[in-house]
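Report on one structure; see the data block that follows.
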Amino acid sequence: MPLYIVRNDITKMQVDAIVNAANHTLLGGGGVDGAIHLAAGQELLSECRTLGGCETGKAKITAGYNLPARHVIHTVGPVWQGGGQNEKELLASCYRSSMELALERGLESIAFPLISTGAYGYPKDQALRVALGVLEEYVLKYEITVYLVIFDKTSFCLSEELFSRVASYIDDGYAAVREEEEGQRRERQMTALSYVKRAARPKKHDWSILSDSAPTPDGAERELARLLEELDESFSRALLRLIDEKGMTDVQCYKKANVDRKHFAKIRKDEFYRPSKPTVLAFAIALELNLKETEALLKKAGFALSSSSRFDLIVKYFIERGNYNVFEINEALFAFDQSLLGA
Ligand code: APR
């Protein structure tokens with residue numbers, strides 16, 4: 001099932017479980033821990049008292065009480081001490097233990113904060129990579145919907161280097177559009193000028209094309225038939241054809257596209273399904289199409305890549321570099337306040 005990155009207050013999430021970035025005592029604190037206990041009410045603390053604390057990297061589950069979420073999974077992240085005290089493995093273990101607990105209980109949806117990136121000082125971009133690295137594994141393997149909940153934009157940052165590379169790519173893309181528009185404007189002026197000149201000349205008609213004896217060479221007929229065939233192929237027919245051509249299964253494809261099962265079933269059932277552009281591009285990424293193939297698939301759904309759209313430029317950036325990891329692309333899209341692929 002898909003992995004969503006959302007801006008929200010985790011205490012508002014209507015999911016089977018929200019994850020709490022707790023401390024060893026499990027008896028509450030500040031940050032997200034404080035917010036969860038405040039929203040859940042006194043009974044949460046009473047149940048936590050019975051758990052006997054929790055070790056770093058481990059997770060324990062309670063009811064959600066007054067929260068919209070049915071459960072709270074409490075986990076204790078590592079305190080950042082420079083990276084040499086096994087922090088990365090311990091942080092990954094927080095996400096893994098929480099996911100394992102959710103799967104054990106048959107939960108279908110779970111929301112995480114960015115564990116350890118507040119009071120525990122874990123560098124946000126590194127923590128994000130660790131979180132997504134573990135969560136991707138689970139959403140590709142299991143039917144569980146996962147939310148990574150970003151409370152405030154400052155607590156979400158892409159690695160500086162990737163952020164600036166994508167930002168300059170977007171600027172170059174915009175510059176190219178301005179140049180192209182300038183070129184088109186000049187061309188329109190030239191065309192208007194040549195049209196005026198031509199209108200002054202006497203007309204000469206070539207009637208031969210009307211004679212039905214004019215043979216159309218076989219190749220042209222084949223080309224026409226192929227074009228008509230292509231024209232008739234709907235988006236969903238093209239998608240199913242490409243899945244077969246790539247030797248993928250439906251499940252592999254929609255998971256790699258970060259699209260959920262029900263959404264894919266709708267596309268498969270309705271030959272004239274009209275997908276959104278992010279959905280088309282999500283499948284282009286899942287199928288690892290190059291730019292030309294991506295444009296062709298977009299055309300089936302009536303879309304085209306545009307250099308004046310940040311969203312398109314960011315997806316183009318990753319396709320041109322052969323990076324088809326939909327979760328990494330979504331990280332960049334989220335960082336630039338764009339809608340996400342698939343989910
Ligand atoms: N919803 C979602 N995310 C939130 C919320 C919220 N309501 N409140 C804070 N966050 C985010 C912060 O922006 C940060 O990115 O949660 C992330 C984790 O920050 P902390 O809550 O400080 O957790 P952590 O860094 O793991 O430190 C845990 O702090 O609150 C105490 O008792 C807790 O001792 C423990 C320590």
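Naming works like this for the structure tokens: A, B, ... for the chains as they're shown, residue 1 at the start of each chain, ligands 1 onward in shown order.
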
- Item | At most 6 Å from ligand 1 (only C-alpha atoms and all ligand atoms): residue list as number ranges by chain | A: 9-11, 21-23, 28-35, 77, 113-121, 149-152, 155

Each region 241-337 of chain A residue no farther than 10 Å from region 158-167 of chain A, nearest pair in Å, only C-alpha atoms, as CSV:
residue,atom,partner,partner_atom,distance
A:Arg310,CA,A:Ala167,CA,9.3
A:Leu313,CA,A:Val166,CA,8.6
A:Ile314,CA,A:Val166,CA,6.7
A:Val315,CA,A:Val166,CA,9.9
A:Tyr317,CA,A:Val166,CA,7.1
A:Phe318,CA,A:Val166,CA,9.1
A:Glu328,CA,A:Leu158,CA,9.6
A:Glu331,CA,A:Leu158,CA,7.0
A:Ala332,CA,A:Leu158,CA,6.8
A:Leu333,CA,A:Val166,CA,9.8
A:Phe334,CA,A:Leu158,CA,9.1
A:Ala335,CA,A:Leu158,CA,6.5
A:Phe336,CA,A:Ala167,CA,8.6

- Message: Based on the backbone DSSP call, show me all residues of region 135-170 of chain A assigned strand (DSSP E or B), as a list of chain:residue names.
- Response: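 Taking region 135-170 of chain A and keeping strand (DSSP E or B) gives A:Thr145, A:Val146, A:Tyr147, A:Leu148, A:Val149, A:Ile150.
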
- Query: So what do you get for CA of Val76 (chain A) versus CA of Ala343 (chain A), distance-wise?
  - Reply: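 Computing the Euclidean distance for CA of Val76 (chain A) and CA of Ala343 (chain A) yields 28.3 Å.
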
Write out as a PDB file with C-alpha atoms, in the first residue's frame each polymer residue whose atoms come within 8 Å of region 279-292 of chain A, counting only C-alpha atoms; drop sequence neighbours fewer than 5 positions from it.
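Contents of result32.pdb, as written:
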ATOM      1  CA  LEU A 239      -0.539   0.563 -19.021  1.00  0.00           C
ATOM      2  CA  LEU A 242       3.553  -2.004 -20.759  1.00  0.00           C
ATOM      3  CA  ILE A 243       3.312  -4.060 -17.541  1.00  0.00           C
ATOM      4  CA  LYS A 246       8.267  -5.122 -18.838  1.00  0.00           C
ATOM      5  CA  CYS A 253       3.818  -2.248 -10.725  1.00  0.00           C
ATOM      6  CA  TYR A 254       1.254  -0.503  -8.538  1.00  0.00           C
ATOM      7  CA  LYS A 256       6.424   0.621  -7.241  1.00  0.00           C
ATOM      8  CA  ALA A 257       4.069   3.392  -8.367  1.00  0.00           C
ATOM      9  CA  ASN A 258       2.999   3.979  -4.738  1.00  0.00           C
ATOM     10  CA  VAL A 259      -0.616   3.481  -5.895  1.00  0.00           C
ATOM     11  CA  LEU A 297       2.023   7.346 -21.906  1.00  0.00           C
ATOM     12  CA  LEU A 298       1.018  10.847 -20.775  1.00  0.00           C
ATOM     13  CA  ALA A 301      -4.296  10.255 -20.903  1.00  0.00           C
ATOM     14  CA  VAL A 315       9.909  14.160 -12.126  1.00  0.00           C
ATOM     15  CA  LYS A 316      11.868  14.840 -15.333  1.00  0.00           C
ATOM     16  CA  ILE A 319      13.910  10.237 -14.996  1.00  0.00           C
ATOM     17  CA  GLU A 320      16.871  11.857 -16.773  1.00  0.00           C
ATOM     18  CA  GLY A 322      17.590   7.086 -14.108  1.00  0.00           C
ATOM     19  CA  TYR A 324      13.042   5.565 -10.434  1.00  0.00           C
ATOM     20  CA  ASN A 325      12.629   5.417  -6.668  1.00  0.00           C
ATOM     21  CA  VAL A 326       9.118   6.836  -6.256  1.00  0.00           C
ATOM     22  CA  LEU A 341       3.329  10.610  -7.152  1.00  0.00           C
ATOM     23  CA  GLY A 342       0.826   7.810  -6.755  1.00  0.00           C
TER      24      GLY A 342
END

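Of the listed residues A:Ser308, A:Thr249, A:Asn323, A:Ser234, the one whose atoms come nearest to Asp270 (chain A) is A:Ser234, with distances taken using only C-alpha atoms.
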
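Taking CA of Thr145 (chain A) as the reference point, CA of Pro2 (chain A) is found at 5.5 Å.
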
- Message: Would you pick out the contacts of Leu26 (chain A) at 8 Å or less, using only C-alpha atoms, so that residues sharing its chain but fewer than 2 positions from it are not included, and give the list as a count of residues only?
- Response: 10
